[in-house]
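Below is data.tsv, holding TSV, N, CA, C and O atoms and all ligand atoms.
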chain	number	residue	atom	x	y	z
A	1	MET	N	32.40	14.15	7.44
A	1	MET	CA	31.49	14.48	8.56
A	1	MET	C	30.04	14.31	8.13
A	1	MET	O	29.64	14.72	7.06
A	2	THR	N	29.31	13.71	8.98
A	2	THR	CA	27.91	13.49	8.66
A	2	THR	C	27.02	14.26	9.62
A	2	THR	O	27.20	14.19	10.83
A	3	ALA	N	26.12	15.00	9.06
A	3	ALA	CA	25.18	15.74	9.90
A	3	ALA	C	24.15	14.76	10.44
A	3	ALA	O	23.29	14.29	9.71
A	4	GLN	N	24.29	14.46	11.70
A	4	GLN	CA	23.37	13.50	12.29
A	4	GLN	C	22.06	14.17	12.63
A	4	GLN	O	22.00	15.11	13.40
A	5	LYS	N	21.03	13.68	12.02
A	5	LYS	CA	19.72	14.19	12.37
A	5	LYS	C	19.10	13.28	13.41
A	5	LYS	O	19.39	12.08	13.45
A	6	LYS	N	18.25	13.86	14.18
A	6	LYS	CA	17.61	13.07	15.22
A	6	LYS	C	16.28	12.53	14.75
A	6	LYS	O	15.55	13.18	14.01
A	7	CYS	N	16.00	11.35	15.22
A	7	CYS	CA	14.72	10.74	14.91
A	7	CYS	C	13.61	11.60	15.50
A	7	CYS	O	13.62	11.89	16.70
A	8	PRO	N	12.65	12.02	14.68
A	8	PRO	CA	11.57	12.87	15.17
A	8	PRO	C	10.65	12.15	16.15
A	8	PRO	O	9.87	12.77	16.85
A	9	VAL	N	10.75	10.84	16.18
A	9	VAL	CA	9.85	10.07	17.04
A	9	VAL	C	10.44	9.90	18.43
A	9	VAL	O	9.80	10.21	19.43
A	10	CYS	N	11.68	9.43	18.49
A	10	CYS	CA	12.25	9.12	19.80
A	10	CYS	C	13.46	9.96	20.13
A	10	CYS	O	13.92	9.98	21.27
A	11	GLY	N	14.01	10.70	19.13
A	11	GLY	CA	15.12	11.59	19.42
A	11	GLY	C	16.48	10.95	19.29
A	11	GLY	O	17.50	11.60	19.49
A	12	LYS	N	16.52	9.68	18.95
A	12	LYS	CA	17.81	9.02	18.74
A	12	LYS	C	18.39	9.44	17.40
A	12	LYS	O	17.66	9.87	16.52
A	13	PRO	N	19.71	9.31	17.24
A	13	PRO	CA	20.32	9.62	15.94
A	13	PRO	C	19.70	8.78	14.84
A	13	PRO	O	19.51	7.58	14.99
A	14	ALA	N	19.36	9.45	13.75
A	14	ALA	CA	18.67	8.76	12.66
A	14	ALA	C	19.64	7.88	11.88
A	14	ALA	O	20.80	8.23	11.69
A	15	GLU	N	19.15	6.76	11.44
A	15	GLU	CA	19.93	5.87	10.59
A	15	GLU	C	19.63	6.20	9.13
A	15	GLU	O	18.47	6.46	8.78
A	16	ILE	N	20.67	6.17	8.31
A	16	ILE	CA	20.47	6.49	6.89
A	16	ILE	C	19.43	5.58	6.27
A	16	ILE	O	18.59	5.99	5.49
A	17	GLU	N	19.47	4.34	6.68
A	17	GLU	CA	18.55	3.36	6.09
A	17	GLU	C	17.10	3.71	6.37
A	17	GLU	O	16.21	3.41	5.57
A	18	PHE	N	16.88	4.34	7.50
A	18	PHE	CA	15.49	4.62	7.90
A	18	PHE	C	15.22	6.12	7.99
A	18	PHE	O	14.28	6.55	8.63
A	19	ARG	N	16.10	6.89	7.35
A	19	ARG	CA	15.94	8.33	7.41
A	19	ARG	C	14.49	8.76	7.20
A	19	ARG	O	13.83	8.23	6.31
A	20	PRO	N	14.00	9.76	7.91
A	20	PRO	CA	14.73	10.48	8.97
A	20	PRO	C	14.59	9.83	10.33
A	20	PRO	O	14.78	10.48	11.34
A	21	PHE	N	14.25	8.58	10.33
A	21	PHE	CA	14.01	7.91	11.61
A	21	PHE	C	15.21	7.05	11.99
A	21	PHE	O	16.12	6.84	11.19
A	22	CYS	N	15.17	6.52	13.19
A	22	CYS	CA	16.29	5.72	13.66
A	22	CYS	C	16.04	4.25	13.39
A	22	CYS	O	16.95	3.45	13.42
A	23	SER	N	14.80	3.93	13.14
A	23	SER	CA	14.49	2.52	12.92
A	23	SER	C	13.15	2.41	12.20
A	23	SER	O	12.41	3.39	12.10
A	24	LYS	N	12.89	1.22	11.71
A	24	LYS	CA	11.63	1.02	11.01
A	24	LYS	C	10.46	1.20	11.96
A	24	LYS	O	9.39	1.68	11.58
A	25	ARG	N	10.70	0.84	13.21
A	25	ARG	CA	9.62	0.98	14.17
A	25	ARG	C	9.19	2.44	14.30
A	25	ARG	O	8.01	2.75	14.28
A	26	CYS	N	10.18	3.31	14.40
A	26	CYS	CA	9.85	4.72	14.55
A	26	CYS	C	9.19	5.25	13.28
A	26	CYS	O	8.30	6.08	13.33
A	27	ALA	N	9.64	4.76	12.12
A	27	ALA	CA	9.02	5.17	10.88
A	27	ALA	C	7.55	4.75	10.87
A	27	ALA	O	6.68	5.51	10.45
A	28	ASP	N	7.30	3.56	11.36
A	28	ASP	CA	5.92	3.07	11.42
A	28	ASP	C	5.10	3.90	12.40
A	28	ASP	O	3.94	4.20	12.16
A	29	VAL	N	5.72	4.25	13.50
A	29	VAL	CA	5.01	5.05	14.49
A	29	VAL	C	4.59	6.38	13.90
A	29	VAL	O	3.46	6.83	14.05
A	30	ASP	N	5.53	6.99	13.16
A	30	ASP	CA	5.21	8.29	12.56
A	30	ASP	C	4.13	8.14	11.50
A	30	ASP	O	3.22	8.94	11.40
A	31	LEU	N	4.24	7.06	10.74
A	31	LEU	CA	3.24	6.81	9.70
A	31	LEU	C	1.87	6.61	10.35
A	31	LEU	O	0.86	7.09	9.86
A	32	GLY	N	1.86	5.89	11.47
A	32	GLY	CA	0.61	5.66	12.17
A	32	GLY	C	-0.01	6.96	12.65
A	32	GLY	O	-1.22	7.16	12.57
A	33	ARG	N	0.84	7.86	13.10
A	33	ARG	CA	0.32	9.17	13.53
A	33	ARG	C	-0.36	9.86	12.37
A	33	ARG	O	-1.42	10.45	12.49
A	34	TRP	N	0.33	9.78	11.23
A	34	TRP	CA	-0.23	10.43	10.03
A	34	TRP	C	-1.61	9.91	9.72
A	34	TRP	O	-2.55	10.65	9.50
A	35	PHE	N	-1.72	8.59	9.72
A	35	PHE	CA	-3.00	8.00	9.38
A	35	PHE	C	-4.05	8.38	10.41
A	35	PHE	O	-5.19	8.66	10.08
A	36	ASN	N	-3.64	8.37	11.66
A	36	ASN	CA	-4.60	8.72	12.70
A	36	ASN	C	-5.13	10.13	12.50
A	36	ASN	O	-6.31	10.40	12.67
A	37	GLU	N	-4.23	11.03	12.13
A	37	GLU	CA	-4.67	12.41	11.95
A	37	GLU	C	-5.60	12.54	10.76
A	37	GLU	O	-6.56	13.29	10.79
A	38	SER	N	-5.27	11.80	9.70
A	38	SER	CA	-6.09	11.91	8.49
A	38	SER	C	-7.45	11.25	8.70
A	38	SER	O	-8.41	11.56	8.03
A	39	TYR	N	-7.49	10.33	9.66
A	39	TYR	CA	-8.77	9.67	9.92
A	39	TYR	C	-9.69	10.56	10.75
A	39	TYR	O	-10.90	10.42	10.73
A	40	VAL	N	-9.10	11.49	11.46
A	40	VAL	CA	-9.91	12.34	12.32
A	40	VAL	C	-10.74	13.30	11.48
A	40	VAL	O	-10.21	13.99	10.62
A	41	VAL	N	-12.01	13.32	11.72
A	41	VAL	CA	-12.88	14.25	11.00
A	41	VAL	C	-12.66	15.64	11.58
A	41	VAL	O	-12.81	15.84	12.78
A	42	PRO	N	-12.27	16.58	10.75
A	42	PRO	CA	-11.94	17.93	11.23
A	42	PRO	C	-13.09	18.55	12.04
A	42	PRO	O	-12.91	18.99	13.14
A	43	GLU	N	-14.26	18.55	11.45
A	43	GLU	CA	-15.40	19.11	12.16
A	43	GLU	C	-16.61	18.21	11.94
A	43	GLU	O	-16.87	17.78	10.84
A	44	PRO	N	-17.31	17.95	12.99
A	44	PRO	CA	-18.54	17.17	12.84
A	44	PRO	C	-19.56	17.94	12.02
A	44	PRO	O	-19.75	19.15	12.20
A	45	ILE	N	-20.16	17.22	11.08
A	45	ILE	CA	-21.13	17.89	10.21
A	45	ILE	C	-22.45	18.06	10.96
A	45	ILE	O	-23.13	17.10	11.28
A	46	ASP	N	-22.77	19.28	11.21
A	46	ASP	CA	-24.00	19.58	11.93
A	46	ASP	C	-25.06	20.04	10.94
A	46	ASP	O	-24.90	21.05	10.27
A	47	PRO	N	-26.12	19.28	10.78
A	47	PRO	CA	-27.16	19.62	9.80
A	47	PRO	C	-27.68	21.04	9.99
A	47	PRO	O	-27.96	21.73	9.01
A	48	GLU	N	-27.83	21.45	11.19
A	48	GLU	CA	-28.38	22.78	11.43
A	48	GLU	C	-27.43	23.87	10.95
A	48	GLU	O	-27.85	24.97	10.62
A	49	THR	N	-26.13	23.53	10.94
A	49	THR	CA	-25.15	24.51	10.46
A	49	THR	C	-25.06	24.48	8.95
A	49	THR	O	-24.92	25.51	8.31
A	50	VAL	N	-25.15	23.27	8.39
A	50	VAL	CA	-25.01	23.13	6.94
A	50	VAL	C	-26.19	23.78	6.23
A	50	VAL	O	-26.03	24.50	5.26
A	51	ILE	N	-27.37	23.52	6.73
A	51	ILE	CA	-28.56	24.08	6.09
A	51	ILE	C	-28.74	25.54	6.54
A	51	ILE	O	-29.25	25.82	7.62
A	52	ALA	N	-28.26	26.40	5.70
A	52	ALA	CA	-28.38	27.81	6.03
A	52	ALA	C	-29.72	28.34	5.56
A	52	ALA	O	-30.15	28.09	4.44
A	53	ASP	N	-30.36	29.06	6.40
A	53	ASP	CA	-31.66	29.60	6.05
A	53	ASP	C	-31.47	30.87	5.25
A	53	ASP	O	-31.20	31.95	5.77
A	54	ASP	N	-31.60	30.70	3.91
A	54	ASP	CA	-31.39	31.88	3.06
A	54	ASP	C	-32.71	32.43	2.58
A	54	ASP	O	-32.77	33.33	1.76
A	55	GLY	N	-33.80	31.88	3.08
A	55	GLY	CA	-35.11	32.43	2.72
A	55	GLY	C	-35.60	31.93	1.39
A	55	GLY	O	-36.67	32.31	0.95
A	56	GLU	N	-34.84	31.07	0.73
A	56	GLU	CA	-35.29	30.55	-0.55
A	56	GLU	C	-35.71	29.10	-0.41
A	56	GLU	O	-35.44	28.45	0.59
A	57	GLY	N	-36.35	28.60	-1.46
A	57	GLY	CA	-36.77	27.20	-1.44
A	57	GLY	C	-38.23	27.07	-1.02
A	57	GLY	O	-38.81	27.98	-0.44
A	58	ASP	N	-38.77	25.91	-1.33
A	58	ASP	CA	-40.16	25.69	-1.00
A	58	ASP	C	-40.31	25.35	0.48
A	58	ASP	O	-39.45	24.76	1.09
A	59	GLU	N	-41.41	25.75	1.02
A	59	GLU	CA	-41.63	25.49	2.44
A	59	GLU	C	-42.87	24.61	2.60
A	59	GLU	O	-43.77	24.94	3.36
A	60	THR	N	-42.89	23.55	1.80
A	60	THR	CA	-44.04	22.66	1.87
A	60	THR	C	-44.03	21.86	3.18
A	60	THR	O	-45.06	21.53	3.71
A	61	ILE	N	-42.82	21.60	3.66
A	61	ILE	CA	-42.73	20.85	4.92
A	61	ILE	C	-42.80	21.82	6.09
A	61	ILE	O	-42.01	22.74	6.20
A	62	HIS	N	-43.76	21.57	6.94
A	62	HIS	CA	-43.89	22.47	8.07
A	62	HIS	C	-44.04	21.70	9.36
A	62	HIS	O	-44.81	20.79	9.42
B	101	ZN	ZN	13.42	6.62	16.70

Would it be possible to restate this file's structure as structure tokens?
Amino acid sequence: MTAQKKCPVCGKPAEIEFRPFCSKRCADVDLGRWFNESYVVPEPIDPETVIADDGEGDETIH
């Protein structure tokens, strides 16, 4: 008996060859999602937020 897992992408029974996916296409789709997520910048860097006013430092620029 084989525990059939479902492809996380399309829900079809996964093929051993492409585990845990049902096909190379679905594996690529999942991989693409991964890359897309890693490409997304979590938070935009806001200079006003990064530069915290701690009262220190020179204030030559006014
Ligand atoms: Zn699939």

In terms of all atoms listed in the file, the residue from A:Ile45, A:Val29, A:Ile16, A:Cys10 at minimal distance from ligand ZN 101 (chain B) is A:Cys10

Using all atoms listed in the file, find each residue with an atom at most 6 Å away from ligand ZN 101 (chain B) and format the answer as a count of residues only.
10

Box time for region 12-28 of chain A: axis-aligned, enclosing all its listed atoms, 4 Å extra on each side; report centre and edge lengths in Å to one decimal, as lines of an AutoDock Vina configuration file.
center_x = 12.4
center_y = 5.7
center_z = 12.2
size_x = 24.9
size_y = 17.6
size_z = 21.5

ask   = What is the CA of Asp30 (chain A) to CA of Phe18 (chain A) distance in Å?
value =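 Interatomic distance here is 11.9 Å.
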
Select, from A:Ala27, A:Pro47, A:Pro20, A:Gly32, the residue with the minimum atom-to-atom distance to Lys6 (chain A), counting all atoms listed in the file.
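Closest to Lys6 (chain A), using all atoms listed in the file: A:Pro20.
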
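Our summary of the geometry notes that CA of Asp46 (chain A) is positioned 25.5 Å from CA of Trp34 (chain A).
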
| message | For a test of reading the model, state the distance in Å between atom N of Arg25 (chain A) and atom N of Lys5 (chain A), rounded to one decimal. | response |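 For atom N of Arg25 (chain A) relative to atom N of Lys5 (chain A), the distance reads 16.5 Å.
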